[in-house]
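Undergrad: Dumping the structure here so I can ask a few things about it.
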Amino acid sequence: MWVLLPPIVPQAPVLKGFAPHAAAAGAGLWEHGRHNAAMPTDHAMNSFTHALAPVLMLCASQALAQTGCASGGARAPLALFERFTSADCEACWRDAATPAPGAGALVLDWIVPGRQEDEAPLSAAATRDALARLQALGRTAPAATDVHTAPVEHARGLRLRVGQGPAVNDYLGTTATFTAARGGTDWSFHLLLVEHIPAGTEGTPVARNVVRNMLQGIWDKRQALLLREHMRWTELRPMRIPEGAQPERLHTVGWVQDPQGRVVAAAQSLCR
């Protein structure tokens, strides 16, 4: 299933470099005559993304070859560590005692729309994707900061690789490839565009990885490309870069869950 969520308009943000969530424009990848079922239905969006996708595919492949901007050289995360911070809570963003994980965890920062809506101090970085993620986890929006952790149960025969190309006309070409040694199962995937905020910048005393855009969907065996005894699914999507985001600080993060909700593979791009 393809998710397209509306933007939030910023009002006097504390995070000066941030802009609101901007919905992703997706282009399904045709493989041996099979079309990805996550394709959006809006005709105008289809026309745009069909025209843009070949350019981004070429740019992405060139970038992966030239810059190594993929997860191939990065250590696989041992856990997901997700911080959900209310856009109303400026003190939470500035808190030096912000919860942090141990080594080996993949840290994500979600800014959740608050009761003050556009007047919230962190409204420029707030995204409805955070609400969708909380709903999927069965949680409500926090008044301050809430944390969710999940182990990554790296299963044998399952491999996820994510990557990205250069920025092209406010879009970034993102890729995700998942290989499984077994079929007959539906896999749910998340592909995120994340902005790394170094400690001591943008008012935060701790380093953060702020989720700027999200795609999610289902991979089933009908969409797979059969490679001997393995099955492979591929997504290549142009994702919009929010206004004010710094492209050089963006990277891709992805994970895959089995039908029971367990995270069985995770990866993040390593940009040199």
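Starting from 1 in every chain, residues are counted up; chains themselves are A, B, ... following the order of the structure tokens, and ligands are numbered from 1 as listed.
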Would you list the contacts of Asp186 of chain A as a PyMOL selection string, taking every protein, DNA or RNA residue within 8 Å and counting only C-alpha atoms, but skipping same-chain residues closer than 5 positions in sequence?

TA: chain A and resi 218-221+258-259

Undergrad: Skipping near chain neighbours, those fewer than 6 positions away, what residues fall within 10 Å of segment 142-148 of chain A using only C-alpha atoms, listed as a list in words?

TA: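 The residues satisfying every condition are Leu80, Phe81, Glu82, Arg83, Phe84, Thr85, Ser86, Ala87, Asp88, Cys89, Glu90, Ala91, Cys92, Trp93, Thr98, Pro99, Ala100, Leu108, Asp109, Trp110, Ile111, Val112, Pro113, Gly114, Arg115 and Leu134 of chain A.
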
Undergrad: Counting only C-alpha atoms, give me one row per residue of segment 75-155 of chain A with an atom at most 12 Å from an atom of segment 238-249 of chain A, showing the shortest contact pair and its distance in Å to one decimal, sorted by chain then residue number, as JSON lines.

TA:
```
{"residue": "A:Ala124", "atom": "CA", "partner": "A:Gly244", "partner_atom": "CA", "distance": 9.6}
{"residue": "A:Ala125", "atom": "CA", "partner": "A:Pro242", "partner_atom": "CA", "distance": 9.5}
{"residue": "A:Ala126", "atom": "CA", "partner": "A:Pro242", "partner_atom": "CA", "distance": 11.5}
{"residue": "A:Thr127", "atom": "CA", "partner": "A:Pro242", "partner_atom": "CA", "distance": 10.9}
```

Undergrad: List every residue of segment 87-160 of chain A that DSSP, applied to the backbone of this structure, places in alpha helix (DSSP H), and write the result as a PyMOL selection string.

TA: chain A and resi 90-93+128-137

Undergrad: Taking 4 positions as the minimum chain separation for residues in the same chain, which residues sit within 8 Å of segment 171-178 of chain A when counting only C-alpha atoms? Answer as a list in words.

TA: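 The neighbour list is Leu56, Met57, Cys59, Ala60, Leu158, Arg159, Leu160, Arg161, Val162, Gly163, Gln164, Gly165, Pro166, Ala167, Leu191, Arg232, Trp233, Thr234, Glu235, Leu236, Arg237, Pro238, Met239, Arg240, Ile241, Thr252 and Gly254 of chain A.
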
Undergrad: Can you list, as a ChimeraX atom specification, all residues belonging to segment 39-261 of chain A that DSSP tags as strand (DSSP E or B)?

TA: /A:70,79-86,105-112,145-152,158-168,171-180,187-197,201,204,208-219,225-227,230-240,250-257

Undergrad: Pick out the closest residue to Arg208 of chain A from this set: A:Ala141, A:Cys69, A:Val194, A:Leu122. Count only C-alpha atoms.

TA: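 Looking only at the distances to Arg208 of chain A, the closest residue turns out to be A:Val194.
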
Undergrad: Would you mind listing what lies within 7 Å of Val256 of chain A as JSON, numbers by chain, with only C-alpha atoms counted and same-chain residues fewer than 4 positions away left out?

TA: {"A": [187, 188, 189, 190, 263, 264, 265, 266]}

Undergrad: Between atom CA of Ala76 of chain A and atom CA of Ala267 of chain A, what distance in Å does the model show, to one decimal?

TA: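 Atom CA of Ala76 of chain A sits 5.8 Å away from atom CA of Ala267 of chain A.
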
Undergrad: When you draw a straight line from atom CA of Leu250 of chain A to atom CA of Val107 of chain A, how long is it in Å?

TA: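 Taking atom CA of Leu250 of chain A as the start and atom CA of Val107 of chain A as the end point, the length is 14.1 Å.
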
Undergrad: Point out the residue among A:Thr140, A:Ser71, A:Gln135, A:Thr149 with the least atom-to-atom distance to Arg262 of chain A, counting only C-alpha atoms.

TA: A:Thr149
